[in-house]
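**Student:** One structure is given below, represented as structure tokens, and several questions about it will come after.
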Amino acid sequence: MSTPPYPPAQPGRSAAFIVYVLYLLSIPSFALFALAGVILALVSKDGAAHFARSHLDDQIRIWFIAFWWGVALAVLGVIGWILTFILIGFPILWIVGILYLVIMIWFTIKSLLGLLALLDGRPR
């Protein structure tokens with residue numbers, strides 16, 4: 001007798017899957033889907049099984065890391081914009097733009113790796 005191709009259904013597993021999909025679609029939506037995803041993860045984590053709970057906790061953690069880095073970079077961007085009058089702001093804005101790109105790529109890779117782990121039945 002063969003084993004089923006997917007792990008058995010667990011409470012919270014479908015929510016974790018939907019959150020990963022929302023996270024992966026967040027870049028074209030200007031992070032609106034990521035916000036919806038973290039809200040879904042926060043609402044779903046209480047009733048989730050241990051396996052799904054580990055994914056939901058990780059999703060919440062990576063969202064908050066990206067959020068606070070985004071806030072810090074936005075503040076730095078405003079400072080850089082103000083300092084463009086003395087020309088030092090241009091390199092600051094360039095660095096802010098590169099760091100935003102790095103955070104976006106990191107968020108996407110973490111979401112993709114988490115989705116693959118969820119589909120393989122591995123906890124996060």
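Chain labels follow the order of the structure tokens: the first chain is A, the next B, and so on; residue numbering restarts at 1 in every chain, and ligands are counted from 1 in their shown order.
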Counting only C-alpha atoms, what are the residues of segment 16-71 of chain A within 12 Å of segment 102-122 of chain A, and for each of them which pair of atoms is the nearest and at what distance in Å, to one decimal? Sort the table by chain and rising number, as a tab-separated table.
**Tutor:**
```
residue	atom	partner	partner_atom	distance
A:Ala16	CA	A:Leu118	CA	8.0
A:Phe17	CA	A:Leu115	CA	6.8
A:Ile18	CA	A:Leu115	CA	9.5
A:Val19	CA	A:Ser111	CA	9.0
A:Tyr20	CA	A:Ser111	CA	5.8
A:Val21	CA	A:Leu115	CA	8.0
A:Leu22	CA	A:Ser111	CA	9.4
A:Tyr23	CA	A:Ser111	CA	6.4
A:Leu24	CA	A:Thr108	CA	6.0
A:Leu25	CA	A:Thr108	CA	9.1
A:Ser26	CA	A:Thr108	CA	8.8
A:Ile27	CA	A:Met104	CA	7.6
A:Pro28	CA	A:Met104	CA	11.2
A:Phe30	CA	A:Met104	CA	10.7
A:Ala31	CA	A:Met104	CA	9.9
A:Ala34	CA	A:Phe107	CA	10.0
A:Gly37	CA	A:Ser111	CA	11.3
A:His50	CA	A:Arg122	CA	11.3
A:Phe51	CA	A:Arg122	CA	7.8
A:Ala52	CA	A:Leu118	CA	8.1
A:Arg53	CA	A:Leu118	CA	11.1
A:Ser54	CA	A:Arg122	CA	9.6
A:His55	CA	A:Gly114	CA	7.2
A:Leu56	CA	A:Gly114	CA	9.9
A:Asp57	CA	A:Gly114	CA	11.3
A:Asp58	CA	A:Gly114	CA	8.4
A:Gln59	CA	A:Ser111	CA	7.7
A:Ile60	CA	A:Ser111	CA	11.0
A:Arg61	CA	A:Phe107	CA	10.8
A:Ile62	CA	A:Phe107	CA	7.0
A:Trp63	CA	A:Phe107	CA	7.8
A:Phe64	CA	A:Phe107	CA	10.6
A:Ile65	CA	A:Phe107	CA	9.1
A:Ala66	CA	A:Ile103	CA	6.4
A:Phe67	CA	A:Ile103	CA	9.5
A:Trp68	CA	A:Ile103	CA	10.6
A:Trp69	CA	A:Ile103	CA	7.6
A:Gly70	CA	A:Ile103	CA	8.0
A:Val71	CA	A:Ile103	CA	11.7
```
**Student:** Deliver the residues from the most recent selection as a file, using N, CA and C atoms, as a short mmCIF file (atom, residue, chain, number, x, y, z; two decimals), in the first residue's frame.
**Tutor:**
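Now in result.cif:
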```cif
data_model
loop_
_atom_site.label_atom_id
_atom_site.label_comp_id
_atom_site.auth_asym_id
_atom_site.auth_seq_id
_atom_site.Cartn_x
_atom_site.Cartn_y
_atom_site.Cartn_z
N ALA A 16 -2.35 28.58 6.21
CA ALA A 16 -0.92 28.81 5.99
C ALA A 16 -0.61 28.84 4.49
N PHE A 17 -1.26 27.96 3.73
CA PHE A 17 -1.07 27.93 2.28
C PHE A 17 -1.54 29.24 1.66
N ILE A 18 -2.72 29.70 2.06
CA ILE A 18 -3.26 30.94 1.51
C ILE A 18 -2.37 32.14 1.86
N VAL A 19 -1.84 32.15 3.08
CA VAL A 19 -0.96 33.26 3.48
C VAL A 19 0.31 33.26 2.63
N TYR A 20 0.88 32.09 2.38
CA TYR A 20 2.07 32.04 1.51
C TYR A 20 1.76 32.57 0.12
N VAL A 21 0.61 32.19 -0.42
CA VAL A 21 0.23 32.67 -1.75
C VAL A 21 0.03 34.19 -1.73
N LEU A 22 -0.61 34.70 -0.70
CA LEU A 22 -0.79 36.15 -0.59
C LEU A 22 0.56 36.86 -0.47
N TYR A 23 1.48 36.27 0.28
CA TYR A 23 2.81 36.87 0.40
C TYR A 23 3.52 36.90 -0.95
N LEU A 24 3.40 35.82 -1.70
CA LEU A 24 4.07 35.78 -3.00
C LEU A 24 3.44 36.75 -4.00
N LEU A 25 2.16 37.05 -3.81
CA LEU A 25 1.49 38.01 -4.69
C LEU A 25 1.57 39.45 -4.16
N SER A 26 2.30 39.66 -3.08
CA SER A 26 2.31 40.98 -2.45
C SER A 26 3.11 42.01 -3.23
N ILE A 27 4.09 41.61 -3.99
CA ILE A 27 4.91 42.59 -4.71
C ILE A 27 4.09 43.31 -5.78
N PRO A 28 3.35 42.60 -6.63
CA PRO A 28 2.55 43.37 -7.61
C PRO A 28 1.38 44.13 -6.98
N PHE A 30 1.61 45.95 -4.21
CA PHE A 30 2.18 46.99 -3.33
C PHE A 30 1.97 46.64 -1.86
N ALA A 31 2.15 45.38 -1.51
CA ALA A 31 2.11 44.85 -0.15
C ALA A 31 0.71 44.80 0.47
N ALA A 34 0.11 41.22 1.32
CA ALA A 34 0.91 40.82 2.49
C ALA A 34 0.20 41.25 3.77
N GLY A 37 -2.50 38.90 4.27
CA GLY A 37 -1.92 37.62 4.68
C GLY A 37 -1.56 37.58 6.15
N HIS A 50 -0.08 22.03 15.59
CA HIS A 50 1.32 22.41 15.83
C HIS A 50 2.07 22.65 14.53
N PHE A 51 1.88 21.78 13.55
CA PHE A 51 2.58 21.90 12.27
C PHE A 51 2.22 23.21 11.57
N ALA A 52 0.93 23.48 11.45
CA ALA A 52 0.48 24.70 10.78
C ALA A 52 0.82 25.93 11.62
N ARG A 53 0.79 25.78 12.92
CA ARG A 53 1.11 26.90 13.81
C ARG A 53 2.56 27.35 13.62
N SER A 54 3.46 26.40 13.39
CA SER A 54 4.86 26.79 13.16
C SER A 54 4.99 27.61 11.88
N HIS A 55 4.22 27.26 10.86
CA HIS A 55 4.25 28.04 9.62
C HIS A 55 3.61 29.42 9.83
N LEU A 56 2.49 29.46 10.50
CA LEU A 56 1.82 30.74 10.74
C LEU A 56 2.67 31.67 11.59
N ASP A 57 3.32 31.13 12.62
CA ASP A 57 4.22 31.95 13.44
C ASP A 57 5.38 32.50 12.61
N ASP A 58 5.93 31.67 11.73
CA ASP A 58 7.03 32.11 10.88
C ASP A 58 6.56 33.18 9.90
N GLN A 59 5.35 33.02 9.37
CA GLN A 59 4.81 34.02 8.45
C GLN A 59 4.63 35.36 9.15
N ILE A 60 4.14 35.33 10.37
CA ILE A 60 3.96 36.56 11.13
C ILE A 60 5.32 37.19 11.42
N ARG A 61 6.30 36.37 11.77
CA ARG A 61 7.64 36.88 12.08
C ARG A 61 8.28 37.54 10.87
N ILE A 62 8.23 36.90 9.70
CA ILE A 62 8.88 37.50 8.53
C ILE A 62 8.15 38.76 8.08
N TRP A 63 6.83 38.82 8.28
CA TRP A 63 6.10 40.03 7.91
C TRP A 63 6.54 41.19 8.81
N PHE A 64 6.63 40.94 10.12
CA PHE A 64 7.02 42.02 11.02
C PHE A 64 8.46 42.47 10.77
N ILE A 65 9.35 41.55 10.45
CA ILE A 65 10.72 41.94 10.12
C ILE A 65 10.73 42.84 8.89
N ALA A 66 10.01 42.44 7.84
CA ALA A 66 9.95 43.25 6.62
C ALA A 66 9.27 44.59 6.89
N PHE A 67 8.23 44.58 7.72
CA PHE A 67 7.51 45.82 8.03
C PHE A 67 8.41 46.81 8.74
N TRP A 68 9.11 46.38 9.78
CA TRP A 68 9.95 47.32 10.54
C TRP A 68 11.15 47.79 9.73
N TRP A 69 11.70 46.91 8.89
CA TRP A 69 12.76 47.36 7.98
C TRP A 69 12.21 48.39 7.00
N GLY A 70 10.98 48.18 6.52
CA GLY A 70 10.35 49.14 5.62
C GLY A 70 10.13 50.49 6.29
N VAL A 71 9.71 50.48 7.55
CA VAL A 71 9.52 51.73 8.28
C VAL A 71 10.86 52.45 8.44
#
```
**Student:** Show which residues sit within 7 Å of segment 92-94 of chain A, as a PyMOL selection string. Count only C-alpha atoms, and ignore same-chain residues fewer than 6 positions away.
**Tutor:** chain A and resi 77+80-81
**Student:** Take the residues from that selection and put them in a file with C-alpha atoms, as a CSV table (one decimal), in the first residue's frame.
**Tutor:**
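Below is the file that was written, result_31.csv:
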```csv
chain,number,residue,atom,x,y,z
A,77,GLY,CA,14.4,57.9,2.7
A,80,GLY,CA,17.8,61.4,2.3
A,81,TRP,CA,15.2,63.4,0.4
```
**Student:** Please identify which residues in segment 6-124 of chain A DSSP calls helix (DSSP H, G or I) from the backbone, and express them as a PyMOL selection string.
**Tutor:** chain A and resi 13-24+32-44+50-86+89-120
